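One structure below.
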Amino acid sequence: MPRRYKPHAWFYILFPGCFELIALSLVLILVDSEPLPVVNFVHNDATLLSGGLEDCPTSHDETCVGGMAIVSAYIRHHIATKSEPTLFIPKCDRTSPFVQMHPMTWTVNRLILHEHFNWRVFRSSLSLLTSTRDLAYLRTSDMPLLITNALIPPSNAWYDFTKLVYYDAQSRLAVMYVLTDSQPNSWPGIDSALNALDQIAEVNAGVSGKDRWIPLIVFDDYLGFDEFLAAVSAHKNPPQVVLAGSGLDSVWKYNLTASGGVPWVGRCDESTELSYRFRMFLDGENAVTNMTLVREDLKSLPTALKDAAYQDDQKFLRSLADAASVNDPIVGTSGTMPLTREGSTRMCMAGECIIGDLFTDAFRWKTGADVAFLPSGGLRGPGWPAGAVRVSDLWHALPFANTLCTGKMSGVTMFKLLNFSTATATFQSTYTDMGDRLVQVSGLRYTYNTILNNSRLTSVDVWDSTGKAYKPLERLKMYSFVTDNFMCDVFDPFPSFFGSTYIKGEVPGVVDDLLSQNVVGEYLRQLGMPYDTSNQGRLRNDTSAVTHLNLVHSKDCLANTYWNDPFKTCSPCLAGSDGLHLSFSDEVIEVGTERGDNASSRIILSNREVLDATVFLKNRPSWIGIRNNVANSTSNTLGEGNELVLLAGEHIAFDLAVRTEQLEAGTALGTVSFGVLYAAQNHPGCSGARKDISFDVFVRVTPPPSLHQLSDGIRGAGLALMGIIILSSMLFSAWVFRYRRIRVVRASQPMFLYLICLGTLVMGSAIMPLSIDDSVVSKHGCDIACASLPWLLSMGFTISFSALFSKIWRINQLIYSSQHFQKVKLTEKDVFAPFCVLFVFNFITLLAWTLVDPLHWARLPIDNDWSNTYGTCRTEKSASITFLVAILVINIGALFLACLQAYRARHYSVEYSESKYIGMAMFGWLQVFIVSIPVLFLVMENPTASFFLQSALVFVLCMSMLLLIFVPKLIIFKKRNRRHHKSRDAISERAIAIVECALEGMAEEESGEDSGLNVSRLRDESEVRELKTQLRQSQDRIRLLEEQLQKGRAQSDTSASTCLF
């Protein structure tokens, strides 16, 4: 019969360890071979619906053009095929007929964008902040408004519902939207962007790897892009990506893909028919290494993308469109209404526009006013074909819920209004800063010469309803006027004209509740005929007219006015009441910084009065320092009482330094006040005036960023515990090897003792990855440590407890068979089967976990405060819970089986079973787990306490297992060794006695035989040598007997052990 191969015991010891090393190598390869990550940013101006109110009746109709359903379909398809994080920030639709006609009006944006599509932030223009509509449903922290350069006082309803920077956790993009800074509630775009970039840099402090935020700026202003790009690029914390609209001429030099560099620059049209998706390729530190542009056509969605979700989206939007269509009746007819505004085109800023004629005619018809005015900036829309005019067309033309304002003004005031309008307007058909100052009119016509400087107005004629003809404007005649509330109350400086009481008889404008669009609808409805859309000649540019109009015929101006020679009229000394036109750019400055650091900001003081002014500091908090930016100033530091001269029309910037060492963490508010003294010497008729101006400084003082990283001391303590575990495992393994032939070791089965030591060594090694955080290695190193942690803990636990189970199970089988007089033969290979099953189950589960959803390092905020973070190992998917439960079931199963076998062997000798000590260990572990597991959850956000507790748990588990397994064996070994020495001493004494007796007997025999010999012969040297030889032979015989005695004892021990097996 051939001999069966029996592997050496070392094979069973080294096999699991080698298998685990191979598995860990695979984990490291998988972690290290991740492809270069890509994130996407999508930008477009898509409306809510795909088409107009009557378009897109079904999801496959060809009129389904643009809209959020198509944008969502593209994004959904891209994520499904590429698995790349994608961020889209939709624009609030305020101008489409659907929004204006729906019962929810503007707030329907939240219903669609957030409630249906689940987008978490939106963008809009600054005018949304000053809207008088009921927008409570739109204002929500679940979908905040993103505007970076907005200055919103606490009194504004949007104060708690806006974001300066939006941090998207999936893509790690930190997005800023910089809008035009010439509107109310705006902050200079460059300053806002630089402050936001500094804020992002503070959040990124101490963060590495894929947790770093990627600064991205969208510049949505028509002017100053080159200056803006240069400023943010030169900043100490530059953005990684800057995107700009193509309405800017300077942006055309950037191609349609992207321009490389720091930052990356991209261009995207403000289009409702194209979507721009910027793909950003990132390195290990989330730095953009490349950027490409994908343009997606919103006019026609590919059939393959029209999935069930897209069809459901269109059905939902169709139901809302039907509700809006009920409110879109035909209100009248007209001729073809030409294009007013598209992209950067502004037809009403170039001169007379027909849509302006329609609205002002309707205003004048409704109120019976002599004249009507409307600014050119708000008029827009693509126009409409000849025929029916719907309410939606009117909302397209003027998408603001403005109401009418009526009053009376003199001919002089009307002259000044039109003189200002023509002197400041640019008369260009593309957007300019002052282009919207041109006014559209009804009930009058005026002529100007754009070649002239300063005063361009040459004639003004007002319609005489009695004589049915135009007559020249009369200087002191009172004319009733109508305009809208924006021009009457908001649009500087027109409120000074419509609120004038300069001449007796003038009545300031009063705002009513008549909605502009409703008034125009009523007007068209009562006409009974199509509205004439031909040019009426109300605004005429006559370049041959060289004499400008002057209604002030004398330089003898009234009190508090002066002769304004460029405009040939008497002007008030202070354009604003009480000098309000000398003011700071902002009422409140908000800054934030860490305690101990200095925060800086800038505020601009502008003198829009006609008088020079002397400005001096009156009061400031001690923690605010102020410096001016006057280059030729002898001292830039502005102290109390120091004076600065601010000429008319000029401005000066003040740099503020906030010293936070005097402030506690939290918020602080301080007021800086200046005194103003106007100089009237250059303007006869104006007397000096005094006033005070001030601004508030609101400071948020935050404590320094707290990363909660492990200290060297606590890390050293944990590693010391790991060293004790490893050293103990190795020493006990060496002891087993040294005394592997003695009875107590052989009875305990050395192979399984080796495995128990190996398991505790592997499990104790888990303290090493627990001690690793981003203070000692990179983010990639932390990811590797996190991925290895479950392998070390689970595999070490399985090796130890499955070996313990197999060991005790073998003893139970042998004892059971002997008690029932059955013959059984159990080899080590047979006993190794349960161990292999548990080991393989663990390995397969851990490998699947690592491939599907491995643990990785991440920083999380404490109480949503990104300045107070902690690092931990976490996963992205819910699959990890399934794998964790499987691991727990396997390992707890191994523990339960080991306890069950130990219970069955509770009556056996300690030499063969450790059930008593295992029970003690189980009871101790149960107490430790009951106390420590809740504590682990409580200290989860405290890495130091969490690391110490986890290390202590591993230490207690490993050392209790080693000590309770090996210490009893060491005690037994010591006791038996002591008995063995006593027995050996007794044998030695007996052997000496036997030798002495033998020697005495030999002496007596020799004495009896040789009695006749004389004494001198006995003392002969040769006989002495012979006696010594005989003595040595006797001693050799004694040693031989001792060796035979030891062999006999060893054979008896072997026989006893063989009986058990």
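Ligands are numbered from 1 in the order shown, chains are lettered A, B, ... in the order of the structure tokens, and residues start at 1 in each chain.
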So which residues of range 195-251 of chain A fall under alpha helix (DSSP H) by DSSP, listed as an mmCIF file with N, CA, C and O atoms, in the first residue's frame?
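Saved result, result-v9.cif, follows:
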data_model
loop_
_atom_site.group_PDB
_atom_site.id
_atom_site.type_symbol
_atom_site.label_atom_id
_atom_site.label_comp_id
_atom_site.auth_asym_id
_atom_site.auth_seq_id
_atom_site.Cartn_x
_atom_site.Cartn_y
_atom_site.Cartn_z
ATOM 1 N N ASN A 195 -12.442 86.938 -2.033
ATOM 2 C CA ASN A 195 -12.855 86.520 -0.688
ATOM 3 C C ASN A 195 -13.352 85.081 -0.689
ATOM 4 O O ASN A 195 -13.055 84.296 0.219
ATOM 5 N N ALA A 196 -14.118 84.713 -1.712
ATOM 6 C CA ALA A 196 -14.622 83.341 -1.794
ATOM 7 C C ALA A 196 -13.487 82.345 -1.990
ATOM 8 O O ALA A 196 -13.498 81.252 -1.414
ATOM 9 N N LEU A 197 -12.496 82.707 -2.794
ATOM 10 C CA LEU A 197 -11.347 81.818 -3.001
ATOM 11 C C LEU A 197 -10.572 81.619 -1.702
ATOM 12 O O LEU A 197 -10.090 80.514 -1.415
ATOM 13 N N ASP A 198 -10.455 82.682 -0.918
ATOM 14 C CA ASP A 198 -9.783 82.542 0.383
ATOM 15 C C ASP A 198 -10.577 81.621 1.307
ATOM 16 O O ASP A 198 -10.003 80.844 2.074
ATOM 17 N N GLN A 199 -11.884 81.731 1.247
ATOM 18 C CA GLN A 199 -12.724 80.857 2.077
ATOM 19 C C GLN A 199 -12.536 79.397 1.684
ATOM 20 O O GLN A 199 -12.408 78.515 2.546
ATOM 21 N N ILE A 200 -12.487 79.117 0.381
ATOM 22 C CA ILE A 200 -12.278 77.741 -0.072
ATOM 23 C C ILE A 200 -10.914 77.249 0.365
ATOM 24 O O ILE A 200 -10.746 76.090 0.764
ATOM 25 N N ALA A 201 -9.892 78.135 0.286
ATOM 26 C CA ALA A 201 -8.548 77.744 0.720
ATOM 27 C C ALA A 201 -8.534 77.390 2.212
ATOM 28 O O ALA A 201 -7.840 76.458 2.636
ATOM 29 N N GLU A 202 -9.298 78.111 3.021
ATOM 30 C CA GLU A 202 -9.383 77.787 4.449
ATOM 31 C C GLU A 202 -10.024 76.421 4.654
ATOM 32 O O GLU A 202 -9.588 75.636 5.510
ATOM 33 N N VAL A 203 -11.059 76.128 3.892
ATOM 34 C CA VAL A 203 -11.710 74.826 4.023
ATOM 35 C C VAL A 203 -10.764 73.715 3.584
ATOM 36 O O VAL A 203 -10.758 72.614 4.148
ATOM 37 N N ASN A 204 -9.928 74.005 2.564
ATOM 38 C CA ASN A 204 -8.987 72.998 2.065
ATOM 39 C C ASN A 204 -7.766 72.829 2.961
ATOM 40 O O ASN A 204 -6.970 71.908 2.745
ATOM 41 N N PHE A 225 -14.125 91.073 -18.264
ATOM 42 C CA PHE A 225 -13.663 89.711 -18.031
ATOM 43 C C PHE A 225 -12.139 89.631 -17.969
ATOM 44 O O PHE A 225 -11.585 88.915 -17.119
ATOM 45 N N ASP A 226 -11.445 90.314 -18.850
ATOM 46 C CA ASP A 226 -9.981 90.250 -18.845
ATOM 47 C C ASP A 226 -9.412 90.741 -17.516
ATOM 48 O O ASP A 226 -8.477 90.146 -16.958
ATOM 49 N N GLU A 227 -9.957 91.833 -17.018
ATOM 50 C CA GLU A 227 -9.500 92.356 -15.731
ATOM 51 C C GLU A 227 -9.803 91.358 -14.605
ATOM 52 O O GLU A 227 -8.974 91.125 -13.727
ATOM 53 N N PHE A 228 -10.985 90.761 -14.673
ATOM 54 C CA PHE A 228 -11.368 89.788 -13.640
ATOM 55 C C PHE A 228 -10.448 88.570 -13.685
ATOM 56 O O PHE A 228 -9.957 88.104 -12.653
ATOM 57 N N LEU A 229 -10.191 88.051 -14.886
ATOM 58 C CA LEU A 229 -9.348 86.866 -15.020
ATOM 59 C C LEU A 229 -7.931 87.137 -14.533
ATOM 60 O O LEU A 229 -7.327 86.295 -13.855
ATOM 61 N N ALA A 230 -7.411 88.314 -14.846
ATOM 62 C CA ALA A 230 -6.061 88.650 -14.390
ATOM 63 C C ALA A 230 -5.996 88.726 -12.873
ATOM 64 O O ALA A 230 -5.029 88.279 -12.246
ATOM 65 N N ALA A 231 -7.043 89.276 -12.252
ATOM 66 C CA ALA A 231 -7.034 89.432 -10.792
ATOM 67 C C ALA A 231 -7.099 88.087 -10.081
ATOM 68 O O ALA A 231 -6.337 87.827 -9.151
ATOM 69 N N VAL A 232 -8.008 87.197 -10.508
ATOM 70 C CA VAL A 232 -8.136 85.919 -9.812
ATOM 71 C C VAL A 232 -6.944 85.000 -10.116
ATOM 72 O O VAL A 232 -6.557 84.174 -9.278
ATOM 73 N N SER A 233 -6.346 85.140 -11.300
ATOM 74 C CA SER A 233 -5.193 84.302 -11.636
ATOM 75 C C SER A 233 -3.983 84.680 -10.798
ATOM 76 O O SER A 233 -3.163 83.819 -10.452
#
Residues within 6 Å of range 752-764 of chain A, only C-alpha atoms, excluding chain neighbours under 3 positions, as a tab-separated table (two decimals) with C-alpha atoms, in the first residue's frame:
chain	number	residue	atom	x	y	z
A	13	ILE	CA	0.78	27.51	9.58
A	722	MET	CA	0.66	46.25	19.02
A	725	ILE	CA	0.85	41.54	21.07
A	726	ILE	CA	3.34	40.67	18.33
A	729	SER	CA	2.70	35.82	19.93
A	733	SER	CA	5.27	30.28	19.39
A	749	GLN	CA	-1.71	19.96	19.66
A	792	LEU	CA	-6.29	42.10	9.31
A	793	LEU	CA	-9.06	42.09	11.91
A	796	GLY	CA	-6.73	37.24	12.33
A	799	ILE	CA	-7.46	32.07	12.14
A	800	SER	CA	-7.42	32.16	15.94
A	803	ALA	CA	-7.96	26.94	15.11
A	958	CYS	CA	-5.47	39.22	21.63
(message) At a cut-off of 9 Å, using only C-alpha atoms, what residues contact Ser480 in chain A? Leave out same-chain residues fewer than 2 positions from it and give the result as a PyMOL selection string.
(response) chain A and resi 368-372+406-410+478+482+507
